[in-house]
Amino acid sequence: MSPVESLDAISRRLVSDLHAPNPRIFWSDLLASATIGWAAFAVALVSAPWSPPMLMAAAVSGFALYRGLCFTHELTHLRKRAVPGFETAWNVLFGVPLLLPSFTYMGVHQLHHGLTTYGTKADPEYLPFASSRKLILIFALQSAVLVPLLLFLRFVVIAPVALLWPRFHRWLEVHASSFSMNPDYRRVMQPSMVRRMRRWEIAMLTSFAGVFALMYAGILPGRTLYVWLGVLTFVSFFNTLRVLGAHEYESDGSPRDRHEQLEDSIDTPGAFWTELWAPVGLRYHALHHFFPGIPYHNLGIAYQRIVAALPQDSLFLHSTSPSLGHSLSELLRKARAAGGRIVGW
């Protein structure tokens with residue numbers, strides 16, 4: 001048996017009982033994240049501007065809401081009716097108020113796992129960062145700074161026009177309705193997803209109209225929108241770092257099978273603080289690509305089992321990084337060595 005076959009056989013046996021999601025864990029984690037996140041947001045709103053209590057509350061809110069937002073990744077992998085009502089609740093608590101509804105990721109993220117699409121121009125979540133420092137810098141700046149503004153523009157400013165102008169809405173469906181970092185990606189929308197998109201667009205417009213009305217009436221502070229923008233920028237910054245530390249980004253544009261995806265992905269088990277920047281199982285990103293059906297709350301167990309059973313020279317262990325800083329510095333080192341030579345893209 002080859003090393004690859006051995007890894008596959010051993011790991012499948014070890015994780016065979018870890019594929020069922022636990023609804024109690026999903027619901028308790030989601031509700032706790034929402035409670036902490038929005039309560040801290042409220043504290044930031046009523047605290048003196050730029051005071052230590054405001055900044056601390058905003059940071060707590062940012063980390064909690066970031067954790068809640070990351071459940072959209074789990075939504076894309078949950079079997080239908082595995083956790084009834086979870087997607088709707090998630091949208092109400094996180095997707096709508098943070099302008100990242102589930103339709104921006106569901107039907108999109110699956111291509112990042114496809115055996116014919118991972119690491120290609122059809123992958124919405126992949127760019128050849130290991131070939132270009134300029135590409136890393138552009139992505140980091142636009143993701144950490146522009147994304148919150150673009151979300152507001154797309155779902156609050158432009159959405160009313162698009163809902164009344166079908167042709168424009170069809171253009172947005174293809175070009176501006178996906179949480180994607182690949183500018184070459186073009187979305188193919190199914191009619192059922194378009195209907196879902198319209199419903200949540202109306203929900204977001206209604207929600208923000210209510211916020212503006214409360215601000216105008218003086219019930220909400222005038223800085224509400226600025227605090228919201230600051231918290232979302234905080235979230236976007238940490239998500240940008242996480243994305244850059246999730247893969248080796250060495251694909252030449254050719255499709256990659258499960259083992260090649262494992263080789264190009266990174267696990268960062270880390271310490272307790274790792275859960276802040278890579279919550280909801282995202283610290284085990286390589287393992288997730290090898291077994292995308294394992295729910296987030298079982299990934300740590302699966303990782304420990306596999307590590308204990310495999311030899312130290314296993315391909316699986318080569319995908320483990322000691323820290324986010326190490327992963328980012330290695331990515332920059334490879335990009336510097338490549339000198340901007342992007343092959344196959």
# chains A, B, ... in the order shown; residues from 1 in each chain; ligands from 1
>>> residues_around(residues="Arg336 (chain A)", least_positions_apart="4", cutoff="8 Å", atoms="only C-alpha atoms", output="PyMOL selection string")
chain A and resi 131-133+332+340
>>> write_last_selection(atoms="C-alpha atoms", output="PDB file, in the first residue's frame")
ATOM      1  CA  SER A 131       3.686  33.822  -6.928  1.00  0.00           C
ATOM      2  CA  SER A 132       3.229  37.512  -6.196  1.00  0.00           C
ATOM      3  CA  ARG A 133       3.739  39.843  -3.239  1.00  0.00           C
ATOM      4  CA  LEU A 332       5.657  36.070   1.615  1.00  0.00           C
ATOM      5  CA  GLY A 340       5.777  37.847  -9.611  1.00  0.00           C
TER       6      GLY A 340
END
>>> select_by_dssp(residues="region 171-253 of chain A", states="alpha helix (DSSP H)", output="NGL selection string")
:A and (171-175 or 191-216 or 224-244)
>>> write_last_selection(atoms="C-alpha atoms", output="PDB file, in the first residue's frame")
ATOM      1  CA  TRP A 171     -25.865  41.426 -13.818  1.00  0.00           C
ATOM      2  CA  LEU A 172     -25.435  41.668 -10.045  1.00  0.00           C
ATOM      3  CA  GLU A 173     -26.353  37.994  -9.662  1.00  0.00           C
ATOM      4  CA  VAL A 174     -23.372  37.036 -11.806  1.00  0.00           C
ATOM      5  CA  HIS A 175     -20.815  39.672 -10.791  1.00  0.00           C
ATOM      6  CA  PRO A 191     -33.957  30.303 -10.097  1.00  0.00           C
ATOM      7  CA  SER A 192     -34.480  29.062  -6.525  1.00  0.00           C
ATOM      8  CA  MET A 193     -31.335  30.903  -5.392  1.00  0.00           C
ATOM      9  CA  VAL A 194     -32.461  34.085  -7.160  1.00  0.00           C
ATOM     10  CA  ARG A 195     -35.753  33.979  -5.257  1.00  0.00           C
ATOM     11  CA  ARG A 196     -33.887  33.460  -2.000  1.00  0.00           C
ATOM     12  CA  MET A 197     -31.544  36.320  -2.857  1.00  0.00           C
ATOM     13  CA  ARG A 198     -34.435  38.709  -3.460  1.00  0.00           C
ATOM     14  CA  ARG A 199     -36.067  37.797  -0.131  1.00  0.00           C
ATOM     15  CA  TRP A 200     -32.916  38.478   1.854  1.00  0.00           C
ATOM     16  CA  GLU A 201     -32.153  41.655  -0.101  1.00  0.00           C
ATOM     17  CA  ILE A 202     -35.560  42.986   0.941  1.00  0.00           C
ATOM     18  CA  ALA A 203     -34.890  41.878   4.529  1.00  0.00           C
ATOM     19  CA  MET A 204     -31.585  43.788   4.569  1.00  0.00           C
ATOM     20  CA  LEU A 205     -33.137  46.922   3.115  1.00  0.00           C
ATOM     21  CA  THR A 206     -35.980  46.799   5.629  1.00  0.00           C
ATOM     22  CA  SER A 207     -33.555  46.265   8.504  1.00  0.00           C
ATOM     23  CA  PHE A 208     -31.278  49.146   7.557  1.00  0.00           C
ATOM     24  CA  ALA A 209     -34.239  51.431   6.839  1.00  0.00           C
ATOM     25  CA  GLY A 210     -35.342  50.757  10.416  1.00  0.00           C
ATOM     26  CA  VAL A 211     -31.875  51.572  11.737  1.00  0.00           C
ATOM     27  CA  PHE A 212     -31.775  54.848   9.794  1.00  0.00           C
ATOM     28  CA  ALA A 213     -35.243  55.756  11.076  1.00  0.00           C
ATOM     29  CA  LEU A 214     -34.187  55.113  14.686  1.00  0.00           C
ATOM     30  CA  MET A 215     -31.057  57.202  14.164  1.00  0.00           C
ATOM     31  CA  TYR A 216     -33.123  60.040  12.692  1.00  0.00           C
ATOM     32  CA  THR A 224     -24.258  53.777  15.006  1.00  0.00           C
ATOM     33  CA  LEU A 225     -23.267  53.343  11.373  1.00  0.00           C
ATOM     34  CA  TYR A 226     -19.652  54.284  12.085  1.00  0.00           C
ATOM     35  CA  VAL A 227     -19.388  51.757  14.914  1.00  0.00           C
ATOM     36  CA  TRP A 228     -20.955  49.124  12.634  1.00  0.00           C
ATOM     37  CA  LEU A 229     -18.425  49.951   9.926  1.00  0.00           C
ATOM     38  CA  GLY A 230     -15.549  49.797  12.399  1.00  0.00           C
ATOM     39  CA  VAL A 231     -16.586  46.416  13.771  1.00  0.00           C
ATOM     40  CA  LEU A 232     -17.081  44.981  10.286  1.00  0.00           C
ATOM     41  CA  THR A 233     -13.662  46.302   9.224  1.00  0.00           C
ATOM     42  CA  PHE A 234     -12.187  44.577  12.296  1.00  0.00           C
ATOM     43  CA  VAL A 235     -13.909  41.344  11.237  1.00  0.00           C
ATOM     44  CA  SER A 236     -12.735  41.711   7.644  1.00  0.00           C
ATOM     45  CA  PHE A 237      -9.127  42.284   8.759  1.00  0.00           C
ATOM     46  CA  PHE A 238      -8.946  39.045  10.749  1.00  0.00           C
ATOM     47  CA  ASN A 239     -10.724  37.106   8.040  1.00  0.00           C
ATOM     48  CA  THR A 240      -8.150  38.379   5.533  1.00  0.00           C
ATOM     49  CA  LEU A 241      -5.287  37.124   7.681  1.00  0.00           C
ATOM     50  CA  ARG A 242      -7.042  33.776   8.115  1.00  0.00           C
ATOM     51  CA  VAL A 243      -7.588  33.374   4.373  1.00  0.00           C
ATOM     52  CA  LEU A 244      -3.929  34.114   3.597  1.00  0.00           C
TER      53      LEU A 244
END
>>> closest_residue(among="A:Ser178, A:Ser254, A:Ser11, A:Ser329", to="Arg305 (chain A)", atoms="only C-alpha atoms")
A:Ser11
>>> closest_residue(among="A:Pro221, A:Pro322, A:Pro160, A:Gly293", to="Leu45 (chain A)", atoms="only C-alpha atoms")
A:Pro221
>>> closest_residue(among="A:Met56, A:Leu100, A:Leu78, A:Trp38", to="Pro148 (chain A)", atoms="only C-alpha atoms")
A:Leu100
>>> residues_around(residues="Trp90 (chain A)", least_positions_apart="5", cutoff="10 Å", atoms="only C-alpha atoms", output="JSON, numbers by chain")
{"A": [27, 30, 31, 34, 68, 69, 71, 72, 75, 85, 95, 96, 101, 102]}
>>> write_last_selection(atoms="C-alpha atoms", output="compact mmCIF listing (two decimals), in the first residue's frame")
# COMPACT_ATOMS: atom_id res chain seq x y z
CA TRP A 27 -27.44 26.31 18.42
CA LEU A 30 -24.54 30.47 17.52
CA LEU A 31 -26.77 32.03 20.19
CA ALA A 34 -24.88 36.54 18.87
CA GLY A 68 -20.89 33.96 14.30
CA LEU A 69 -20.28 34.96 10.68
CA PHE A 71 -20.91 29.67 10.64
CA THR A 72 -21.78 30.46 7.03
CA LEU A 75 -23.99 26.10 6.42
CA GLY A 85 -34.05 26.43 11.04
CA GLY A 95 -26.20 37.63 7.70
CA VAL A 96 -28.73 40.48 7.51
CA PRO A 101 -26.43 36.74 3.84
CA SER A 102 -26.03 33.01 3.32
>>> closest_residue(among="A:Leu164, A:Tyr296, A:Ala130, A:Phe139", to="Leu328 (chain A)", atoms="only C-alpha atoms")
A:Ala130
>>> atom_distance(atom1="CA of Trp277 (chain A)", atom2="CA of Leu98 (chain A)")
17.9 Å
>>> atom_distance(atom1="CA of Thr104 (chain A)", atom2="CA of Pro124 (chain A)")
11.3 Å
>>> select_by_dssp(residues="region 113-332 of chain A", states="strand (DSSP E or B)", output="PyMOL selection string")
chain A and resi 247+265+267+284+320
>>> write_last_selection(atoms="N, CA and C atoms", output="compact mmCIF listing (two decimals), in the first residue's frame")
# COMPACT_ATOMS: atom_id res chain seq x y z
N HIS A 247 -3.91 28.36 3.03
CA HIS A 247 -3.38 27.52 1.96
C HIS A 247 -1.93 27.89 1.66
N SER A 265 -3.03 22.84 1.55
CA SER A 265 -3.79 23.49 2.61
C SER A 265 -3.05 23.41 3.93
N ASP A 267 -3.19 23.32 8.32
CA ASP A 267 -3.79 23.21 9.65
C ASP A 267 -2.95 24.04 10.61
N TYR A 284 -8.43 24.03 11.36
CA TYR A 284 -8.12 22.72 10.76
C TYR A 284 -8.51 22.72 9.28
N THR A 320 0.66 20.82 8.63
CA THR A 320 0.47 21.52 9.90
C THR A 320 1.48 22.66 10.05
>>> closest_atom_pairs(of="region 23-56 of chain A", to="region 279-283 of chain A", cutoff="12 Å", atoms="only C-alpha atoms", output="JSON lines")
{"residue": "A:Ile25", "atom": "CA", "partner": "A:Val280", "partner_atom": "CA", "distance": 11.1}
{"residue": "A:Phe26", "atom": "CA", "partner": "A:Val280", "partner_atom": "CA", "distance": 9.8}
{"residue": "A:Asp29", "atom": "CA", "partner": "A:Val280", "partner_atom": "CA", "distance": 9.2}
{"residue": "A:Leu30", "atom": "CA", "partner": "A:Val280", "partner_atom": "CA", "distance": 10.1}
{"residue": "A:Ser33", "atom": "CA", "partner": "A:Val280", "partner_atom": "CA", "distance": 11.0}
>>> atom_distance(atom1="CA of His19 (chain A)", atom2="CA of Ile306 (chain A)")
14.8 Å
